[in-house]
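Note: the block below is start04.cif and it holds mmCIF, C-alpha atoms.
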```
data_model
loop_
_atom_site.label_atom_id
_atom_site.label_comp_id
_atom_site.auth_asym_id
_atom_site.auth_seq_id
_atom_site.Cartn_x
_atom_site.Cartn_y
_atom_site.Cartn_z
CA MET A 1 0.00 0.00 0.00
CA LYS A 2 2.81 2.39 0.92
CA LYS A 3 4.52 1.68 -2.42
CA LYS A 4 1.33 2.55 -4.29
CA ILE A 5 0.94 5.81 -2.38
CA PHE A 6 4.60 6.67 -3.03
CA ALA A 7 4.22 5.83 -6.73
CA PHE A 8 1.08 7.99 -6.95
CA ILE A 9 2.81 10.95 -5.25
CA LEU A 10 5.82 10.53 -7.55
CA LEU A 11 3.51 10.48 -10.59
CA ILE A 12 1.80 13.68 -9.42
CA LEU A 13 5.19 15.35 -8.92
CA LEU A 14 6.38 14.28 -12.36
CA VAL A 15 3.21 15.59 -14.01
CA CYS A 16 3.50 18.90 -12.13
CA GLY A 17 7.19 19.12 -13.01
CA TYR A 18 6.38 18.55 -16.68
CA PHE A 19 3.80 21.34 -16.78
CA VAL A 20 5.99 23.73 -14.79
CA LEU A 21 9.27 23.11 -16.64
CA TYR A 22 8.43 21.62 -20.05
CA HIS A 23 4.89 22.24 -21.27
CA SER A 24 4.77 25.50 -23.24
CA ASP A 25 2.16 27.65 -24.89
CA LYS A 26 3.68 27.98 -28.37
CA GLU A 27 1.32 30.65 -29.65
CA LEU A 28 3.08 33.99 -30.08
CA LYS A 29 0.32 36.48 -29.31
CA TYR A 30 2.45 39.59 -29.06
CA VAL A 31 4.45 39.69 -32.31
CA PRO A 32 3.00 42.30 -34.69
CA GLY A 33 2.62 41.66 -38.40
CA ASN A 34 5.03 44.49 -39.25
CA ALA A 35 7.93 43.04 -37.22
CA ASP A 36 11.07 42.40 -39.28
CA VAL A 37 13.15 40.85 -36.47
CA VAL A 38 11.91 38.67 -33.61
CA VAL A 39 13.96 37.57 -30.61
CA LEU A 40 12.51 34.69 -28.59
CA VAL A 41 13.67 33.43 -25.19
CA ASP A 42 12.37 30.07 -23.99
CA THR A 43 11.78 30.95 -20.33
CA LYS A 44 11.09 27.34 -19.32
CA LYS A 45 14.32 26.14 -20.87
CA ALA A 46 16.07 29.00 -19.07
CA ALA A 47 14.51 27.80 -15.78
CA ARG A 48 15.70 24.23 -16.45
CA GLN A 49 19.19 25.43 -17.29
CA TYR A 50 19.27 27.56 -14.17
CA LEU A 51 18.18 24.64 -11.94
CA VAL A 52 20.83 22.32 -13.41
CA SER A 53 23.53 24.96 -12.83
CA PHE A 54 22.22 25.77 -9.36
CA PHE A 55 22.22 22.16 -8.15
CA ALA A 56 25.68 21.63 -9.67
CA HIS A 57 27.09 24.45 -7.49
CA PRO A 58 26.23 23.77 -3.80
CA SER A 59 28.08 26.94 -2.75
CA GLU A 60 25.19 28.93 -4.22
CA TRP A 61 22.46 27.16 -2.23
CA PHE A 62 23.07 28.99 1.03
CA LYS A 63 23.82 32.32 -0.67
CA SER A 64 20.37 32.29 -2.23
CA GLN A 65 18.72 31.30 1.05
CA ASN A 66 20.52 33.96 3.04
CA LYS A 67 19.96 36.94 0.76
CA GLY A 68 16.92 38.07 2.70
CA ARG A 69 16.38 41.12 0.52
CA ASN A 70 13.20 42.98 1.29
CA VAL A 71 12.53 43.81 -2.36
CA MET A 72 10.06 42.64 -4.96
CA SER A 73 11.42 40.36 -7.72
CA VAL A 74 10.24 40.37 -11.33
CA LYS A 75 8.21 37.22 -10.64
CA GLU A 76 6.42 39.01 -7.82
CA SER A 77 5.91 42.26 -9.76
CA GLY A 78 2.42 41.54 -11.07
CA VAL A 79 3.55 40.82 -14.63
CA ARG A 80 2.98 37.43 -16.27
CA ILE A 81 6.16 35.93 -17.70
CA PRO A 82 5.20 34.06 -20.90
CA ASP A 83 6.63 30.69 -21.88
CA PHE A 84 8.35 32.49 -24.76
CA LEU A 85 9.52 36.04 -24.17
CA GLN A 86 8.76 37.87 -27.43
CA ILE A 87 11.02 40.82 -28.29
CA PHE A 88 10.55 42.43 -31.68
CA HIS A 89 11.81 45.16 -33.97
CA ILE A 90 9.34 47.03 -36.18
CA GLU A 91 10.29 47.59 -39.80
CA ASN A 92 11.43 51.09 -40.82
CA THR A 93 12.39 52.07 -37.27
CA GLY A 94 15.83 52.70 -35.75
CA PHE A 95 18.16 49.76 -35.18
CA SER A 96 18.23 50.38 -31.42
CA GLU A 97 14.41 50.39 -31.05
CA TRP A 98 13.16 47.08 -29.61
CA TYR A 99 9.87 46.25 -27.90
CA CYS A 100 8.23 43.54 -25.83
CA ILE A 101 4.59 43.20 -24.72
CA LEU A 102 3.68 41.55 -21.42
CA LYS A 103 0.34 40.88 -19.76
CA LEU A 104 -0.28 42.36 -16.32
CA GLU A 105 -1.89 40.33 -13.55
CA ASN A 106 -1.78 43.12 -10.98
CA LYS A 107 -1.37 46.68 -12.27
CA SER A 108 -0.94 48.39 -8.88
CA LYS A 109 1.70 45.85 -7.87
CA PHE A 110 3.55 46.47 -11.12
CA VAL A 111 3.55 50.24 -10.58
CA THR A 112 4.99 49.64 -7.10
CA PHE A 113 7.70 47.48 -8.66
CA LEU A 114 8.56 50.24 -11.17
CA LYS A 115 8.94 52.75 -8.32
CA GLN A 116 11.14 50.29 -6.43
CA GLU A 117 13.37 50.01 -9.52
CA LYS A 118 13.49 53.84 -9.73
CA PHE A 119 11.52 54.20 -12.96
CA VAL A 120 10.33 57.80 -13.34
CA ALA A 121 6.88 58.77 -14.64
CA LYS A 122 7.39 60.54 -17.99
CA SER A 123 3.76 61.08 -19.00
CA ASN A 124 0.41 59.36 -18.63
CA ASN A 125 1.21 55.69 -17.82
CA VAL A 126 4.70 55.99 -19.36
CA PHE A 127 7.75 55.33 -17.17
CA GLY A 128 11.44 55.59 -17.99
CA LYS A 129 14.81 54.61 -16.57
CA ASP A 130 18.22 54.67 -18.29
CA HIS A 131 17.68 53.11 -21.74
CA PHE A 132 14.23 51.63 -21.09
CA PHE A 133 10.66 52.89 -21.34
CA ILE A 134 7.49 51.17 -20.15
CA LYS A 135 3.93 52.08 -21.10
CA ILE A 136 0.98 50.60 -19.24
CA GLU A 137 -1.94 50.05 -21.59
CA GLY A 138 -4.96 48.46 -19.91
CA GLU A 139 -4.06 44.94 -18.85
CA TYR A 140 -0.79 45.01 -20.80
CA CYS A 141 2.53 46.81 -20.63
CA ILE A 142 4.85 47.65 -23.50
CA VAL A 143 8.57 47.57 -22.70
CA GLY A 144 10.86 49.34 -25.15
CA THR A 145 14.31 50.81 -25.65
CA SER A 146 12.47 53.82 -27.09
CA ASP A 147 9.00 55.30 -26.69
CA SER A 148 8.75 56.49 -30.30
CA ALA A 149 6.62 53.54 -31.51
CA PHE A 150 4.27 53.34 -28.52
CA LYS A 151 1.47 55.09 -30.44
CA ASN A 152 1.91 52.78 -33.41
CA ILE A 153 1.85 49.73 -31.15
CA LYS A 154 -1.21 51.06 -29.31
CA SER A 155 -3.17 51.29 -32.58
CA LEU A 156 -2.64 47.55 -33.07
CA PHE A 157 -3.08 46.64 -29.45
CA GLY A 158 -6.69 45.50 -29.41
CA ASP A 159 -5.99 43.01 -32.18
CA TYR A 160 -2.67 41.73 -30.90
CA PRO A 161 -3.81 38.27 -29.79
CA ARG A 162 -5.27 37.72 -33.27
CA LYS A 163 -2.87 39.83 -35.35
CA THR A 164 -0.63 36.98 -36.46
CA ASP A 165 -0.69 33.22 -36.38
CA PHE A 166 2.97 32.94 -35.45
CA SER A 167 4.03 29.86 -33.51
CA SER A 168 7.29 29.42 -31.63
CA ASP A 169 8.02 26.33 -33.78
CA ARG A 170 8.55 28.67 -36.70
CA PHE A 171 11.33 30.55 -34.91
CA ILE A 172 13.00 28.31 -32.34
CA ASP A 173 13.96 24.63 -32.22
CA GLY A 174 15.42 23.48 -28.91
CA SER A 175 17.78 26.38 -28.20
CA LEU A 176 17.48 28.77 -25.27
CA GLY A 177 16.63 31.60 -27.63
CA SER A 178 16.66 32.68 -31.24
CA ILE A 179 16.99 35.73 -33.44
CA SER A 180 14.74 35.52 -36.49
CA ILE A 181 14.88 37.84 -39.51
CA ILE A 182 11.59 38.15 -41.40
CA SER A 183 11.74 39.30 -45.02
CA LYS A 184 9.01 38.93 -47.66
CA GLY A 185 7.29 36.20 -45.66
CA LYS A 186 10.48 34.17 -45.25
CA VAL A 187 12.05 33.57 -41.84
CA GLN A 188 15.77 33.00 -41.23
CA ASN A 189 16.55 31.72 -37.73
CA PHE A 190 19.73 32.09 -35.69
CA PRO A 191 19.70 29.97 -32.50
CA ILE A 192 21.08 31.53 -29.28
CA HIS A 193 23.02 29.32 -26.85
CA LEU A 194 23.92 30.41 -23.30
CA ASN A 195 27.02 28.45 -22.32
CA SER A 196 29.14 28.47 -19.17
CA ASP A 197 31.24 31.48 -20.16
CA ASN A 198 29.92 32.69 -23.52
CA ILE A 199 26.83 33.37 -25.60
CA GLU A 200 26.85 32.00 -29.14
CA ILE A 201 24.52 32.84 -32.01
CA THR A 202 24.65 30.75 -35.18
CA ASN A 203 22.47 29.71 -38.08
CA GLY A 204 22.83 26.11 -36.99
CA ASN A 205 25.88 25.29 -39.11
CA LYS A 206 29.17 23.85 -37.90
CA GLU A 207 31.87 26.18 -39.26
CA ASP A 208 34.69 26.38 -36.72
CA PHE A 209 36.11 29.89 -36.22
CA SER A 210 38.24 29.00 -33.16
CA SER A 211 41.58 29.21 -35.05
CA LEU A 212 40.74 32.67 -36.40
CA ILE A 213 39.57 33.90 -32.98
CA SER A 214 42.79 32.62 -31.37
CA LYS A 215 44.91 34.61 -33.84
CA LEU A 216 42.87 37.78 -33.28
CA GLU A 217 43.08 37.47 -29.49
CA LYS A 218 46.88 37.36 -29.63
CA ARG A 219 47.17 40.49 -31.80
CA GLY A 220 45.65 42.74 -29.14
CA TYR A 221 43.91 45.40 -31.23
CA PHE A 222 40.68 46.98 -29.98
CA ILE A 223 38.91 46.38 -33.30
CA GLU A 224 39.89 44.30 -36.31
CA ALA A 225 37.65 43.63 -39.28
CA GLU A 226 37.76 42.21 -42.78
CA LEU A 227 34.56 42.18 -44.82
CA ASP A 228 33.64 41.37 -48.41
CA LYS A 229 31.05 43.38 -50.35
CA ASP A 230 28.07 41.32 -49.13
CA ASN A 231 29.07 41.67 -45.48
CA ILE A 232 29.81 45.39 -45.94
CA LYS A 233 26.30 45.89 -47.29
CA ALA A 234 24.73 43.94 -44.41
CA VAL A 235 26.72 45.68 -41.65
CA THR A 236 26.35 49.24 -42.95
CA SER A 237 22.59 48.81 -43.44
CA ILE A 238 22.27 48.25 -39.68
CA PHE A 239 23.52 51.79 -39.08
CA ASN A 240 21.33 53.32 -41.83
CA LYS A 241 24.41 54.04 -43.96
CA SER A 242 23.97 51.33 -46.60
CA ILE A 243 26.49 51.25 -49.45
CA SER A 244 25.19 51.15 -53.02
CA ASP A 245 26.30 48.35 -55.36
CA SER A 246 27.28 51.04 -57.88
CA THR A 247 30.38 51.88 -55.82
CA GLN A 248 31.92 48.51 -56.81
CA ILE A 249 33.50 48.09 -53.37
CA ASN A 250 35.13 44.67 -53.13
CA SER A 251 36.35 44.55 -49.54
CA LEU A 252 37.08 46.51 -46.39
CA GLN A 253 39.74 46.15 -43.71
CA ALA A 254 39.70 48.11 -40.43
CA THR A 255 42.11 48.26 -37.50
CA ALA A 256 41.68 50.38 -34.36
CA THR A 257 43.29 50.95 -30.98
CA LEU A 258 42.15 53.08 -28.02
CA GLN A 259 44.01 55.97 -26.46
CA GLN A 260 43.27 58.32 -23.57
CA VAL A 261 43.94 61.94 -24.48
CA ASN A 262 43.55 65.35 -22.89
CA ASP A 263 40.65 67.43 -24.13
CA THR A 264 40.59 71.17 -23.43
CA ILE A 265 37.23 72.79 -22.77
CA ILE A 266 37.13 76.58 -22.99
CA THR A 267 34.39 78.47 -21.17
CA TYR A 268 33.94 82.11 -20.27
CA VAL A 269 33.05 83.68 -16.92
CA TYR A 270 32.73 87.29 -15.80
CA ASP A 271 34.42 89.08 -12.90
CA ASP A 272 32.82 91.66 -10.63
CA ASP A 273 33.46 94.37 -13.25
CA PHE A 274 31.80 92.26 -15.97
CA ASN A 275 35.09 91.61 -17.74
CA GLU A 276 35.08 88.39 -19.76
CA ILE A 277 37.60 85.85 -18.47
CA GLU A 278 38.59 82.76 -20.41
CA LYS A 279 38.61 79.57 -18.35
CA LYS A 280 40.27 76.37 -19.55
CA THR A 281 39.39 72.94 -18.19
CA ILE A 282 41.27 69.81 -19.15
CA GLN A 283 39.53 66.46 -19.06
CA LYS A 284 40.65 63.01 -20.16
CA ILE A 285 38.64 61.35 -22.94
CA THR A 286 39.03 58.06 -24.77
CA GLU A 287 39.36 58.14 -28.55
CA PRO A 288 40.21 55.52 -31.18
CA ASN A 289 43.16 55.57 -33.54
CA TYR A 290 42.17 53.76 -36.72
CA THR A 291 42.91 52.88 -40.30
CA ILE A 292 40.24 51.80 -42.78
CA SER A 293 41.18 50.45 -46.18
CA ILE A 294 38.48 50.10 -48.86
CA LYS A 295 39.42 48.06 -51.93
CA THR A 296 37.64 48.86 -55.20
CA SER A 297 38.31 48.82 -58.93
CA ALA A 298 36.69 52.26 -59.22
CA PRO A 299 37.88 54.54 -56.36
CA GLU A 300 36.53 57.61 -58.15
CA LYS A 301 33.00 56.14 -57.95
CA VAL A 302 33.36 55.53 -54.21
CA LEU A 303 34.64 59.06 -53.71
CA GLN A 304 31.74 60.51 -55.70
CA TYR A 305 29.25 58.38 -53.75
CA PHE A 306 30.66 59.65 -50.43
CA GLN A 307 30.46 63.24 -51.68
CA ASP A 308 26.85 62.79 -52.84
CA LYS A 309 26.03 61.46 -49.37
CA LYS A 310 27.78 64.52 -47.85
CA TRP A 311 30.12 62.25 -45.90
CA ILE A 312 33.18 64.34 -46.87
CA ASN A 313 33.60 67.92 -45.67
CA THR A 314 35.75 70.73 -47.04
CA GLN A 315 38.73 69.59 -44.93
CA ASN A 316 38.55 66.15 -46.57
CA HIS A 317 37.38 64.56 -43.31
CA PHE A 318 35.16 61.48 -43.56
CA THR A 319 32.25 62.62 -41.39
CA ALA A 320 30.31 59.32 -41.43
CA ILE A 321 32.80 58.29 -38.72
CA PRO A 322 32.03 60.41 -35.64
CA PHE A 323 35.60 60.35 -34.33
CA GLN A 324 37.49 63.28 -35.80
CA PRO A 325 39.83 64.40 -37.16
CA ASN A 326 40.62 61.95 -39.91
CA ILE A 327 41.84 62.10 -43.50
CA LEU A 328 40.42 60.39 -46.57
CA GLU A 329 42.85 59.58 -49.39
CA GLU A 330 42.20 58.15 -52.84
CA LYS A 331 44.58 55.35 -53.82
CA ALA A 332 45.04 53.46 -57.08
CA ASP A 333 43.22 50.41 -55.71
CA GLY A 334 40.77 52.05 -53.33
CA ILE A 335 40.23 54.54 -50.52
CA GLU A 336 42.03 54.89 -47.19
CA ILE A 337 40.65 56.66 -44.12
CA TYR A 338 42.86 57.14 -41.09
CA SER A 339 42.86 59.11 -37.87
CA THR A 340 45.39 61.94 -37.70
CA ARG A 341 46.07 62.00 -33.96
CA LYS A 342 48.11 58.84 -34.17
CA THR A 343 48.54 56.82 -37.35
CA ILE A 344 48.46 53.04 -37.06
CA LYS A 345 49.35 50.53 -39.73
CA PRO A 346 46.71 48.07 -40.96
CA SER A 347 47.05 44.66 -39.37
CA PHE A 348 48.14 41.66 -41.41
CA ARG A 349 45.21 40.29 -43.45
CA LEU A 350 43.76 36.95 -42.36
CA ASN A 351 41.58 36.66 -45.49
CA GLY A 352 38.25 36.03 -43.80
CA ASN A 353 34.97 37.76 -43.08
CA TYR A 354 34.98 38.84 -39.45
CA ILE A 355 34.60 41.65 -36.92
CA PHE A 356 36.54 41.30 -33.67
CA ILE A 357 36.07 43.75 -30.76
CA LYS A 358 38.31 43.19 -27.74
CA ASN A 359 37.21 44.71 -24.44
CA ASN A 360 39.37 47.48 -23.06
CA ALA A 361 39.41 49.17 -19.66
CA LEU A 362 39.52 52.58 -21.40
CA LEU A 363 36.23 51.79 -23.12
CA LEU A 364 34.46 50.96 -19.86
CA SER A 365 35.69 54.17 -18.21
CA SER A 366 34.22 56.21 -21.07
CA LEU A 367 30.73 54.63 -20.91
CA LYS A 368 29.25 56.98 -18.33
CA SER A 369 25.61 56.12 -19.09
CA LEU A 370 25.84 52.49 -17.89
CA ASN A 371 24.41 51.63 -14.49
CA SER A 372 26.35 49.54 -11.95
CA LYS A 373 24.87 46.21 -13.06
CA GLU A 374 25.54 46.93 -16.74
CA LYS A 375 29.11 47.95 -15.90
CA SER A 376 29.60 44.69 -14.00
CA VAL A 377 28.44 42.62 -16.98
CA PHE A 378 30.44 44.72 -19.44
CA SER A 379 33.67 44.50 -17.40
CA ASN A 380 33.30 40.71 -17.43
CA LEU A 381 33.23 40.64 -21.25
CA ASN A 382 36.42 39.61 -23.06
CA TYR A 383 35.49 40.05 -26.70
CA ILE A 384 32.75 40.06 -29.32
CA PHE A 385 33.32 38.12 -32.54
CA TYR A 386 31.31 37.97 -35.75
CA GLY A 387 32.34 35.55 -38.48
CA ASN A 388 30.93 34.48 -41.84
CA LYS A 389 32.00 31.84 -44.31
CA ASN A 390 29.75 30.98 -47.25
CA GLN A 391 26.34 30.42 -45.64
CA ASP A 392 27.68 29.95 -42.10
CA TYR A 393 27.22 32.82 -39.62
CA PHE A 394 28.59 32.89 -36.10
CA VAL A 395 28.57 35.42 -33.25
CA ARG A 396 30.23 34.90 -29.88
CA LEU A 397 30.19 37.10 -26.78
CA GLN A 398 33.06 35.68 -24.73
CA PHE A 399 33.16 36.41 -21.00
CA LYS A 400 35.90 35.78 -18.46
CA LYS A 401 36.24 32.21 -17.25
CA GLU A 402 35.07 31.87 -13.64
CA ASN A 403 33.86 29.14 -11.30
CA LEU A 404 30.20 30.01 -11.85
CA PRO A 405 28.39 29.78 -15.21
CA LEU A 406 26.94 32.99 -16.63
CA ILE A 407 23.37 32.17 -15.63
CA LEU A 408 24.40 32.12 -11.94
CA ARG A 409 26.82 35.03 -12.20
CA TRP A 410 24.14 37.37 -13.51
CA GLN A 411 21.76 36.32 -10.75
CA ASN A 412 24.34 37.48 -8.21
CA ASP A 413 25.06 40.86 -9.86
#
```
Let me see the structure of the file written as structure tokens.
Amino acid sequence: MKKKIFAFILLILLVCGYFVLYHSDKELKYVPGNADVVVLVDTKKAARQYLVSFFAHPSEWFKSQNKGRNVMSVKESGVRIPDFLQIFHIENTGFSEWYCILKLENKSKFVTFLKQEKFVAKSNNVFGKDHFFIKIEGEYCIVGTSDSAFKNIKSLFGDYPRKTDFSSDRFIDGSLGSISIISKGKVQNFPIHLNSDNIEITNGNKEDFSSLISKLEKRGYFIEAELDKDNIKAVTSIFNKSISDSTQINSLQATATLQQVNDTIITYVYDDDFNEIEKKTIQKITEPNYTISIKTSAPEKVLQYFQDKKWINTQNHFTAIPFQPNILEEKADGIEIYSTRKTIKPSFRLNGNYIFIKNNALLLSSLKSLNSKEKSVFSNLNYIFYGNKNQDYFVRLQFKKENLPLILRWQND
């Protein structure tokens, strides 16, 4: 009899565990029809991954039990966390504008949570903090990195649960998350994997970029990049500075280092007799030294294209790069752009398609807008790598190797 009771209890626990950790609602109710990029996070897979990591590190058990913080967590904030967190980008909006819609279970509780997290009321039911904005709309809230599309989203809001028939199966297949690009009804998926000390984004293929990454790590530059014409077009389009095919650009190579320099600020004050007095203040700023080499069979066409875009001023500075001064020179086989403060030679070509950004303490010190948690995560980052070969795409955010996996580290920050 006792065995039957035990078996029944075990069965109940297994069924409950399945529904809590595995069973998912795959309907994506909050992805608008005009989204061109969708980022999904499988919250139940994240919970399973967290539990596996947590039980594998007993040192964390007592830390979690002894925190005793008298604050409200996200789970207690009155917002319903969906099985698939749905983050989207709306077509024809800025690259940095991303949104997510969540259902509220307790509006007053959620407002209390926002106040606890020091969100400031901007206007009617709109709150802001750092780089994030939140608009409460009835029984929903819209979370965004901008508030510019809130009105557009609101106009679709009543129809959101019926707006699209998207299912998570169309975007994600077993990974923790995915980035999906939607174009002309076609969807291209890039699975996201959260590993012990890195985040990797691929299109599911097996190209190994480890040898290339190892070479780039040893060279020590802040930025190194080599791109062919297709990758140039893709990367520049992200920053709304797309390059026309008519320029006949074949490739680009870029190398950059960071340097801290003195910057003189001149202001004027007045004495008691209203005489103007010049006041100089010196502050340290971080600036890059760089060389960019553009290879083309028709440099005059590239130069004309830049001039038509008004990217070259009267001093022959390339103004599409915000870090000045620089000089643009026409060569027999292309165009070179280089900073004038300190000239650096282009690095030795590795003949690949890649962008490599190595973290630097000078960069962190110059990012004044980051909050303490963001600075902690950023300081833990070693490098960001993007690589492409044929149809294989790969992105890695590599963090420092530590005893705890990332999913536990971020919980403790």
- Quick one: of A:Lys218, A:Arg396, A:Lys122, A:Lys103, who's nearest to Ile192 (chain A), counting only C-alpha atoms?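 Checking each candidate against Ile192 (chain A), we get A:Arg396 as the closest.
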- Query: What does the distance from CA of Ser183 (chain A) to CA of Gln248 (chain A) come to in Å, to one decimal?
  - Reply: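 These atoms are spaced 25.1 Å apart.
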- Surrounding residues of region 365-372 of chain A excluding itself and chain neighbours under 3 positions, 12 Å, only C-alpha atoms, as a PyMOL selection string: chain A and resi 129-131+258-261+283-288+359-362+375-379+413
Can you spit out the residues from that selection as a CSV table (one decimal), in the coordinates of the input, using C-alpha atoms?
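And here is the file that came out, selection-v3.csv:
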```
chain,number,residue,atom,x,y,z
A,129,LYS,CA,14.8,54.6,-16.6
A,130,ASP,CA,18.2,54.7,-18.3
A,131,HIS,CA,17.7,53.1,-21.7
A,258,LEU,CA,42.2,53.1,-28.0
A,259,GLN,CA,44.0,56.0,-26.5
A,260,GLN,CA,43.3,58.3,-23.6
A,261,VAL,CA,43.9,61.9,-24.5
A,283,GLN,CA,39.5,66.5,-19.1
A,284,LYS,CA,40.6,63.0,-20.2
A,285,ILE,CA,38.6,61.4,-22.9
A,286,THR,CA,39.0,58.1,-24.8
A,287,GLU,CA,39.4,58.1,-28.6
A,288,PRO,CA,40.2,55.5,-31.2
A,359,ASN,CA,37.2,44.7,-24.4
A,360,ASN,CA,39.4,47.5,-23.1
A,361,ALA,CA,39.4,49.2,-19.7
A,362,LEU,CA,39.5,52.6,-21.4
A,375,LYS,CA,29.1,48.0,-15.9
A,376,SER,CA,29.6,44.7,-14.0
A,377,VAL,CA,28.4,42.6,-17.0
A,378,PHE,CA,30.4,44.7,-19.4
A,379,SER,CA,33.7,44.5,-17.4
A,413,ASP,CA,25.1,40.9,-9.9
```
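Selection check: the PyMOL selection byres ((chain A and resi 143) around 8) on the shown file gives Tyr99, Cys100, Ile101, Leu102, Phe132, Phe133, Ile134, Lys135, Cys141, Ile142, Gly144 and Thr145 of chain A.
Separating CA of Ile87 (chain A) from CA of Lys45 (chain A) is a distance of 16.8 Å.
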- Query: Near Ile344 (chain A), within 9 Å and counting only C-alpha atoms, which residues show up once chain neighbours fewer than 3 positions away are dropped, as a list in words?
  - Reply: Thr255, Ala256, Thr257, Asn289, Tyr290, Thr291, Tyr338, Ser339 and Ser347 of chain A
- Message: Could you list, as an MDAnalysis selection string, every residue matched by the PyMOL selection byres ((chain A and resi 138) around 10) in this structure?
- Response: chainID A and resid 103:104 107 125 135:137 139:141 157
For Ile265 (chain A), work out the shell of residues within 9 Å, counting only C-alpha atoms and skipping chain neighbours fewer than 5 positions away, then give it as a JSON list (two decimals) with C-alpha atoms, in the frame of the given file.
```json
[["chain", "number", "residue", "atom", "x", "y", "z"],
["A", 279, "LYS", "CA", 38.61, 79.57, -18.35],
["A", 280, "LYS", "CA", 40.27, 76.37, -19.55],
["A", 281, "THR", "CA", 39.39, 72.94, -18.19],
["A", 282, "ILE", "CA", 41.27, 69.81, -19.15],
["A", 283, "GLN", "CA", 39.53, 66.46, -19.06]]
```
- Of the residues A:Glu226, A:Asp273, A:Asp197, A:Asp308, which is the one nearest to Leu381 (chain A), using all atoms listed in the file?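 Of A:Glu226, A:Asp273, A:Asp197, A:Asp308, the one nearest Leu381 (chain A) is A:Asp197, counting all atoms listed in the file.
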- What does the distance from CA of Leu227 (chain A) to CA of Pro325 (chain A) come to in Å, to one decimal?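 Computed distance, CA of Leu227 (chain A) to CA of Pro325 (chain A), equals 24.1 Å.
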- Message: I'd like to see the residues matched by the PyMOL selection byres ((chain A and resi 401) around 12) on this file, and ideally I'd get them as a count of residues only.
- Response: 16
